[in-house]
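Written below as structure tokens is the structure these notes are about.
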Amino acid sequence: MRKGGAWWAWLTFAIGATYFLVPLIATLEFSMRQRNNPVFSLFGQGYSFGVFNNVFGDPRFQQTFTYSVLAAIFTILLGVLIVVPTAYWVRLRMPYLRPVIEFVTLLPLVIPAIVIVFGYIRMYGSNSMLPFLGTTGGTNVLLVIGYAVLSLPYMYRAVDTGLRTVDVPTLTEAAQILGAGWTTIIARVILPNVLIAVLSGAFLTFAIVIGEFTMASLLNRPAFGPYMQNLGANRAYEPAALAIIAFALTWGCMAMIQFLSRYAPRSANRPN
Amino acid sequence: MTEQTNVATMATPAVSKTRLPTQWLGVTPFFLFAVLFLVLPTMYLIIGAFQNSDGQFTLANIRQLFLDPSIRASYWVSIKISFWSAVLGALVGLAIALAIVRGGLPNWVRSATMTFSGVASNFAGVPLAFAFISTLGRLGLVTIILRDVFGLNLYTTGFNLLSSYGLILVYLYFQIPLMVVIITPALDGLRKEWGEAAATLGATPWQFWRMVLIPVLWPSFLGTVILLFANAFGAIATAYAFTGSSLNIVPILLYAQIRGDVLNDPHLGYALAFGMIFITGVANTFYIWFRTRSERWLK
Amino acid sequence: MAAPFLSIQHVKKSFGDNTVVQDFNLDVEPGEFVSFLGPSGCGKTTVLRMVAGFEEPTAGKIFIAGKDVTNLKPNQRNIGMVFQAYALFPNLTVAQNIAFGLKVAGASKADQDKRVAEMLNIIKLPQLGDRYPYQLSGGQQQRVALARALAPSPKLLLLDEPLSALDAKVRVSLRDEIRSIQKRLGITTIFVTHDQEEALSISDRIVVMYGGVAEQVATPFEIYNRPSTKFVANFVGTLNVLEGTVVDPALGKVRVNNDEIAVKHSLNGAKRGDAVSLALRPEAMALGDYSGHDTELHGKITDVHFLGSVIRVRVNLGAETIALDTFNNSRTPPPTIGDSTKVTFASNDVLVLH
């Protein structure tokens with residue numbers, strides 16, 4: 001192959017880079033437009049970082065952001081609790097169930113979030129058998145459950161890929177010979193071995209949950225997504241700053257995943 | 001001796017008796033979770049779509065989807081936006097993936113593209129709308145540069161960001177990278193030797209593409225297009241933050257219905273939701289059918 | 001002698017500052033089977049890829065059947081090629097794979113079918129036409145790859161380490177099969193390998209390459225018995241190297257440890273007192289007297305390995321330990337470790353390394 005690359009490849013890359021970088025630059029530029037007290041000027045337009053101060057200083061920003069971070073953490077915990085034992089058990093004892101489990105975990109990619117949350121609202125109202133929506137706490141729980149459903153495809157795939165690099169039966173037998181029970185095996189033998197995979201899934205979940213709008217808005221929870229939407233409808237420059245912050249957050253999560261992947265084992269150390 | 005017997009009699013029945021139930025006990029939490037929070041809520045809506053307010057079976061709700069001009073239009077707009085953003089996203093994403101895999105570009109280009117694609121494919125929702133308003137809105141940087149530097153006023157040429165075309169342009173921002181993320185491993189799986197073998201057998205590059213590369217790539221390509229379609233079809237946050245409820249697409253209509261703004265008929269809402277599941281479901285079924293039927297060579 | 005079918009003339013290949021092939025020359029007769037043998041990175045694959053047309057020579061010319069193909073694209077050269085990793089098209093059946101070259105050339109469906117059936121018979125897989133590559137074993141896949149390469153009746157067959165990915169047993173049987181098919185069809189063949197046993201067993205001639213240079217071009221017999229360079233001697237087969245001191249250059253007398261031996265081959269102008277490296281194949285030596293062996297060394301047995309048909313014995317001669325092979329004979333007990341012994345060989349078999 002030619003050194004330095006083919007012209008069509010460079011052209012494609014350049015067009016792609018333009019489409020993807022221009023909005024980021026434009027958003028940053030937009031967020032920094034400020035006529036009062038500019039820090040610097042370019043082409044007669046004054047710029048400052050004032051709007052970022054406004055955003056970070058807004059108590060509603062702090063509240064909603066904290067709320068969403070907490071929701072993300074609980075979502076991750078719930079996801080790990082459901083996915084890790086299941087994926088482990090299926091690999092160990094019920095491999096014939098794998099297609100079924102895989103199909104179920106892919107369903108959230110087919111059924112839109114808005115449909116799922118609509119179902120919740122109708123099924124788990126205050127007069128139903130499981131009245132999640134009767135109390136604020138219950139609604140918070142239902143939101144976390146909904147987020148766990150949304151992140152199911154990513155979490156399951158990450159963990160299952162992680163398990164593929166571990167010799168599950170041998171590890172389990174070794175632990176059993178040493179007298180470990182199921183909880184010990186999962187928490188202290190399997191989980192550490194798939195920790196990097198779980199963390200990758202966790203950061204992806206975090207990136208999805210932190211700015212999620214549909215579920216939080218329809219369940220009337222004070223999350224970051226609805227806050228951003230609300231701000232967008234009422235302010236001029238703050239939304240652009242929020243977009244930059246959200247992009248940086250997503251970038252941070254992906255960078256963590258990439259960083260972690262360097263430490264992931266490539267394949268199982270199994271004889272033959 | 002007696003001790004050993006004791007141990008054996010205690011241990012054996014415990015194992016054999018509980019064997020079958022524990023097997024299934026291991027996956028019970030998962031299935032309970034999936035049934036309660038994924039399957040049942042969906043079924044509830046699907047069944048509700050075929051009932052009237054007295055709980056009797058009816059097709060009236062479904063018929064209403066076709067009869068109500070605004071609902072019909074919303075489906076049409078949604079399908080159009082999802083289809084074009086999926087197809088364009090897939091084609092452009094494929095071109096970029098081909099460039100980084102087969103274009104002989106330096107390594108940093110590939111890793112930068114892959115990292116960025118991972119980020120951008122997850123950069124959707126409300127902030128994405130803000131980013132494009134800051135770029136191509138009436139006061140956006142690109143709009144201003146075009147106006148002041150090139151003397152081109154976008155908004156007098158009929159361009160409107162808050163339209164279906166605008167939304168397609170915005171959706172491409174996560175559709176293209178998603179395609180890149182999914183299709184790059186598939187392209188990596190194409191062996192350089194296939195092209196060389198074809199060349200020594202006298203094939204032109206086009207013959208090689210037509211007879212080998214395209215058939216090999218086609219299942220992954222089509223599968224990703226369908227995933228992108230579903231991805232766009234269910235998306236609401238970007239469109240809502242963009243245009244409020246002024247853009248008539250199905251998720252926004254359903255959103256408004258759930259909030260109680262319009263329609264005033266919960267069963268019509270169920271029908272709306274059913275329609276969404278039906279369309280993404282049909283797309284996926286078609287894909288599975290296609291894959292099993294024509295791709296016997298896939299393991 | 002007939003005109004060479006393939007002629008590689010003063011070919012050189014550089015990637016940037018890195019020259020991987022320098023001034024390579026080779027003429028291959030019609031129907032000849034020539035192996036390129038060498039360690040990885042020696043340039044053998046690069047030469048093959050230049051013949052195929054995947055790489056363009058930095059300098060020099062390549063002729064096939066008298067025609068200059070140096071600047072021709074691979075798909076205009078009428079060659080067949082088999083790759084290490086099989087490279088079958090996964091979306092096509094075995095039959096479709098074999099028919100590929102005929103199809104792109106525009107052959108009729110009937111001609112394609114006829115030729116495919118013929119090729120399937122040649123590779124002895126007549127039942128597998130409808131299978132997909134993933135349903136075949138590695139050995140079967142490589143046979144199909146061979147059939148695919150041969151189906152359009154190319155004038156030249158290029159084999160790029162075709163056996164390296166296979167199991168040891170399959171490797172040997174497919175090796176023999178490739179050779180017999182090649183002889184039957186009389187097709188001129190270039191075979192690239194890093195496995196000396198493969199090259200020795202299959203080739204009419206071998207080109208031993210090292211560092212982008214053809215070290216020696218000769219028949220397997222000559223390569224093994226008369227290696228012209230130290231590299232060839234070391235790379236092909238097992239070799240015992242003895243460091244000696246020249247005693248009498250005119251008579252070829254060399255002192256090795258406490259023994260003095262006569263060497264028949266030229267000492268390359270070494271003078272009295274010069275150090276010289278001598279080499280001996282393990283199978284050229286025997287423990288004790290043996291017919292035709294006119295030279296002897298003395299040492300002590302340090303190790304005995306039973307390998308089945310042969311027994312490999314290590315003998316310490318003082319400064320160095322040598323390995324020698326004796327045939328297993330059920331009537332004689334194997335040598336004992338610790339015994340003093342006499343090692344004999346023919347002075348004619350002693351190689352002088354350059």
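So you can find residues: chains in the structure tokens are A, B, ... in the order shown, residues in each start at 1, and ligands are numbered from 1 in order.
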
Contacts of stretch 85-100 of chain B at 8 Å (only C-alpha atoms; same-chain gap of 2+ positions) as a PyMOL selection string: (chain A and resi 8-10+12-13+16) or (chain B and resi 81-83+102-105+109-110+113+168-169+171-172+175-180+183-184+187+221+224-226+228-229+232)

Residues of chain B within 8 Å of chain A, counting only C-alpha atoms - could you list those as a ChimeraX atom specification? /B:23,26-27,29-30,34,37-38,41-42,44-45,95-96,98-100,103-106,115,118-119,122-123,125-128,130-132,134-135,140-142,173,227,230-231,233-237,241,251,254-255,258-259,273,276-277,280-281,284

Chain C residues near chain B (6 Å cut-off, only C-alpha atoms) as an NGL selection string: :C and (74-75 or 79-80 or 87 or 91 or 101 or 104 or 132)

Using only C-alpha atoms, I'd like a table of the residues in chain C that come within 10 Å of chain A; for each, show the closest atom pair and its distance in Å rounded to one decimal, ordered by chain and ascending number, as CSV.
```
residue,atom,partner,partner_atom,distance
C:Phe15,CA,A:Lys3,CA,9.4
C:Gly16,CA,A:Lys3,CA,9.4
C:Phe54,CA,A:Met1,CA,9.3
C:Glu55,CA,A:Met1,CA,8.9
```

Could you write out the selected residues, including N, CA and C atoms, as a PDB file, in the first residue's frame?
```
ATOM      1  N   PHE C  15      11.893  -0.281   0.315  1.00  0.00           N
ATOM      2  CA  PHE C  15      10.803   0.489   0.919  1.00  0.00           C
ATOM      3  C   PHE C  15      11.470   1.647   1.645  1.00  0.00           C
ATOM      4  N   GLY C  16      11.372   2.815   1.062  1.00  0.00           N
ATOM      5  CA  GLY C  16      12.092   3.954   1.640  1.00  0.00           C
ATOM      6  C   GLY C  16      13.593   3.683   1.586  1.00  0.00           C
ATOM      7  N   PHE C  54       2.108  -7.681  -7.100  1.00  0.00           N
ATOM      8  CA  PHE C  54       1.602  -6.897  -5.970  1.00  0.00           C
ATOM      9  C   PHE C  54       2.588  -5.809  -5.547  1.00  0.00           C
ATOM     10  N   GLU C  55       3.851  -6.051  -5.842  1.00  0.00           N
ATOM     11  CA  GLU C  55       4.866  -5.042  -5.553  1.00  0.00           C
ATOM     12  C   GLU C  55       5.578  -4.724  -6.862  1.00  0.00           C
TER      13      GLU C  55
END
```

Near C:Gly129, counting only C-alpha atoms, which residues have an atom at most 12 Å away, once you skip same-chain residues fewer than 2 positions from it, shown as a PDB file with N, CA and C atoms, in the first residue's frame?
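selection-v3.pdb, freshly written:
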```pdb
ATOM      1  N   LEU C  92     -18.652 -17.802  -1.170  1.00  0.00           N
ATOM      2  CA  LEU C  92     -18.840 -18.679  -2.333  1.00  0.00           C
ATOM      3  C   LEU C  92     -18.599 -20.134  -1.931  1.00  0.00           C
ATOM      4  N   THR C  93     -19.325 -21.034  -2.587  1.00  0.00           N
ATOM      5  CA  THR C  93     -19.105 -22.452  -2.313  1.00  0.00           C
ATOM      6  C   THR C  93     -17.755 -22.865  -2.892  1.00  0.00           C
ATOM      7  N   VAL C  94     -17.356 -24.089  -2.563  1.00  0.00           N
ATOM      8  CA  VAL C  94     -16.118 -24.629  -3.096  1.00  0.00           C
ATOM      9  C   VAL C  94     -16.126 -24.546  -4.622  1.00  0.00           C
ATOM     10  N   ALA C  95     -17.238 -24.986  -5.222  1.00  0.00           N
ATOM     11  CA  ALA C  95     -17.324 -24.969  -6.686  1.00  0.00           C
ATOM     12  C   ALA C  95     -17.245 -23.545  -7.223  1.00  0.00           C
ATOM     13  N   GLN C  96     -17.941 -22.621  -6.556  1.00  0.00           N
ATOM     14  CA  GLN C  96     -17.928 -21.232  -7.022  1.00  0.00           C
ATOM     15  C   GLN C  96     -16.543 -20.607  -6.862  1.00  0.00           C
ATOM     16  N   ASN C  97     -15.855 -20.991  -5.786  1.00  0.00           N
ATOM     17  CA  ASN C  97     -14.490 -20.516  -5.596  1.00  0.00           C
ATOM     18  C   ASN C  97     -13.610 -20.975  -6.748  1.00  0.00           C
ATOM     19  N   ILE C  98     -13.719 -22.267  -7.083  1.00  0.00           N
ATOM     20  CA  ILE C  98     -12.861 -22.818  -8.135  1.00  0.00           C
ATOM     21  C   ILE C  98     -13.212 -22.190  -9.483  1.00  0.00           C
ATOM     22  N   ALA C  99     -14.518 -21.891  -9.662  1.00  0.00           N
ATOM     23  CA  ALA C  99     -14.944 -21.339 -10.955  1.00  0.00           C
ATOM     24  C   ALA C  99     -14.644 -19.846 -11.085  1.00  0.00           C
ATOM     25  N   ASP C 113     -18.522 -25.533 -15.224  1.00  0.00           N
ATOM     26  CA  ASP C 113     -18.892 -26.751 -14.495  1.00  0.00           C
ATOM     27  C   ASP C 113     -17.938 -27.889 -14.806  1.00  0.00           C
ATOM     28  N   VAL C 116     -14.594 -27.270 -13.132  1.00  0.00           N
ATOM     29  CA  VAL C 116     -14.707 -27.420 -11.674  1.00  0.00           C
ATOM     30  C   VAL C 116     -14.695 -28.898 -11.305  1.00  0.00           C
ATOM     31  N   ALA C 117     -15.470 -29.701 -12.047  1.00  0.00           N
ATOM     32  CA  ALA C 117     -15.521 -31.145 -11.761  1.00  0.00           C
ATOM     33  C   ALA C 117     -14.139 -31.754 -11.921  1.00  0.00           C
ATOM     34  N   GLU C 118     -13.459 -31.336 -12.997  1.00  0.00           N
ATOM     35  CA  GLU C 118     -12.108 -31.825 -13.259  1.00  0.00           C
ATOM     36  C   GLU C 118     -11.171 -31.487 -12.091  1.00  0.00           C
ATOM     37  N   MET C 119     -11.222 -30.224 -11.661  1.00  0.00           N
ATOM     38  CA  MET C 119     -10.331 -29.776 -10.591  1.00  0.00           C
ATOM     39  C   MET C 119     -10.662 -30.486  -9.283  1.00  0.00           C
ATOM     40  N   LEU C 120     -11.968 -30.657  -8.998  1.00  0.00           N
ATOM     41  CA  LEU C 120     -12.350 -31.352  -7.762  1.00  0.00           C
ATOM     42  C   LEU C 120     -11.795 -32.764  -7.753  1.00  0.00           C
ATOM     43  N   ASN C 121     -11.746 -33.407  -8.922  1.00  0.00           N
ATOM     44  CA  ASN C 121     -11.169 -34.744  -9.001  1.00  0.00           C
ATOM     45  C   ASN C 121      -9.673 -34.715  -8.760  1.00  0.00           C
ATOM     46  N   ILE C 123      -7.989 -32.640  -6.955  1.00  0.00           N
ATOM     47  CA  ILE C 123      -7.661 -32.461  -5.537  1.00  0.00           C
ATOM     48  C   ILE C 123      -8.343 -33.508  -4.656  1.00  0.00           C
ATOM     49  N   LYS C 124      -9.000 -34.491  -5.287  1.00  0.00           N
ATOM     50  CA  LYS C 124      -9.624 -35.629  -4.588  1.00  0.00           C
ATOM     51  C   LYS C 124     -10.704 -35.207  -3.596  1.00  0.00           C
ATOM     52  N   LEU C 125     -11.465 -34.167  -3.938  1.00  0.00           N
ATOM     53  CA  LEU C 125     -12.591 -33.764  -3.084  1.00  0.00           C
ATOM     54  C   LEU C 125     -13.870 -33.657  -3.923  1.00  0.00           C
ATOM     55  N   PRO C 126     -14.187 -34.691  -4.726  1.00  0.00           N
ATOM     56  CA  PRO C 126     -15.295 -34.534  -5.676  1.00  0.00           C
ATOM     57  C   PRO C 126     -16.647 -34.304  -5.012  1.00  0.00           C
ATOM     58  N   GLN C 127     -16.775 -34.667  -3.723  1.00  0.00           N
ATOM     59  CA  GLN C 127     -18.096 -34.562  -3.085  1.00  0.00           C
ATOM     60  C   GLN C 127     -18.346 -33.194  -2.470  1.00  0.00           C
ATOM     61  N   ARG C 131     -20.068 -27.289  -0.535  1.00  0.00           N
ATOM     62  CA  ARG C 131     -19.758 -26.814   0.806  1.00  0.00           C
ATOM     63  C   ARG C 131     -19.269 -25.362   0.779  1.00  0.00           C
ATOM     64  N   TYR C 132     -19.377 -24.728   1.945  1.00  0.00           N
ATOM     65  CA  TYR C 132     -18.776 -23.400   2.100  1.00  0.00           C
ATOM     66  C   TYR C 132     -17.428 -23.550   2.802  1.00  0.00           C
ATOM     67  N   PRO C 133     -16.521 -22.616   2.575  1.00  0.00           N
ATOM     68  CA  PRO C 133     -15.169 -22.765   3.132  1.00  0.00           C
ATOM     69  C   PRO C 133     -15.157 -23.065   4.628  1.00  0.00           C
ATOM     70  N   GLN C 135     -16.892 -24.835   6.325  1.00  0.00           N
ATOM     71  CA  GLN C 135     -17.225 -26.229   6.631  1.00  0.00           C
ATOM     72  C   GLN C 135     -16.065 -27.190   6.343  1.00  0.00           C
ATOM     73  N   LEU C 136     -14.943 -26.653   5.857  1.00  0.00           N
ATOM     74  CA  LEU C 136     -13.819 -27.515   5.482  1.00  0.00           C
ATOM     75  C   LEU C 136     -12.691 -27.422   6.492  1.00  0.00           C
ATOM     76  N   GLN C 140      -8.252 -29.240   3.582  1.00  0.00           N
ATOM     77  CA  GLN C 140      -9.216 -29.222   2.465  1.00  0.00           C
ATOM     78  C   GLN C 140      -9.289 -27.823   1.852  1.00  0.00           C
ATOM     79  N   GLN C 141      -9.312 -26.814   2.712  1.00  0.00           N
ATOM     80  CA  GLN C 141      -9.376 -25.441   2.197  1.00  0.00           C
ATOM     81  C   GLN C 141      -8.182 -25.136   1.305  1.00  0.00           C
ATOM     82  N   VAL C 144      -8.574 -26.710  -2.026  1.00  0.00           N
ATOM     83  CA  VAL C 144      -9.509 -25.945  -2.851  1.00  0.00           C
ATOM     84  C   VAL C 144      -8.815 -24.702  -3.386  1.00  0.00           C
ATOM     85  N   ALA C 147      -6.848 -25.720  -6.259  1.00  0.00           N
ATOM     86  CA  ALA C 147      -7.703 -25.965  -7.423  1.00  0.00           C
ATOM     87  C   ALA C 147      -8.162 -24.646  -8.041  1.00  0.00           C
ATOM     88  N   ARG C 148      -8.510 -23.678  -7.171  1.00  0.00           N
ATOM     89  CA  ARG C 148      -8.962 -22.376  -7.670  1.00  0.00           C
ATOM     90  C   ARG C 148      -7.847 -21.702  -8.468  1.00  0.00           C
TER      91      ARG C 148
END
```

Which residues come within 10 Å of C:Glu296, counting only C-alpha atoms, excluding same-chain residues fewer than 5 positions away, as a PyMOL selection string? chain C and resi 259-262+285-289+342-347

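Minimum distance to B:Phe290 across B:Pro219, B:Pro266, B:Gly260, B:Gly275 (counting only C-alpha atoms) occurs at B:Pro219.
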
Run DSSP on the backbone and tell me which residues of stretch 155-276 of chain C come out as strand (DSSP E); list them as a ChimeraX atom specification. /C:156-160,188-193,205-210,213-218,240-248,253-256,259-262,275-276

Would you list the contacts of A:Phe43 as a VMD selection string, taking every protein, DNA or RNA residue within 12 Å and counting only C-alpha atoms, but skipping same-chain residues closer than 3 positions in sequence? (chain A and resid 33 40 46 to 47) or (chain B and resid 145 148 to 149)

Looking only at the backbone, which of the residues in stretch 100-243 of chain C does DSSP tag as helix (DSSP H, G or I), as an MDAnalysis selection string? chainID C and resid 100:104 109:122 133:135 138:150 168:185 196:202 220:225 230:235

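Take atom CA of B:Phe66 and atom CA of B:Val250: the distance between them is 13.0 Å.
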
How many Å separate atom CA of C:Ser309 from atom CA of C:Asp325? 9.9 Å

Atom CA of A:Arg157 to atom CA of B:Ile288, straight-line distance in Å: 19.2 Å
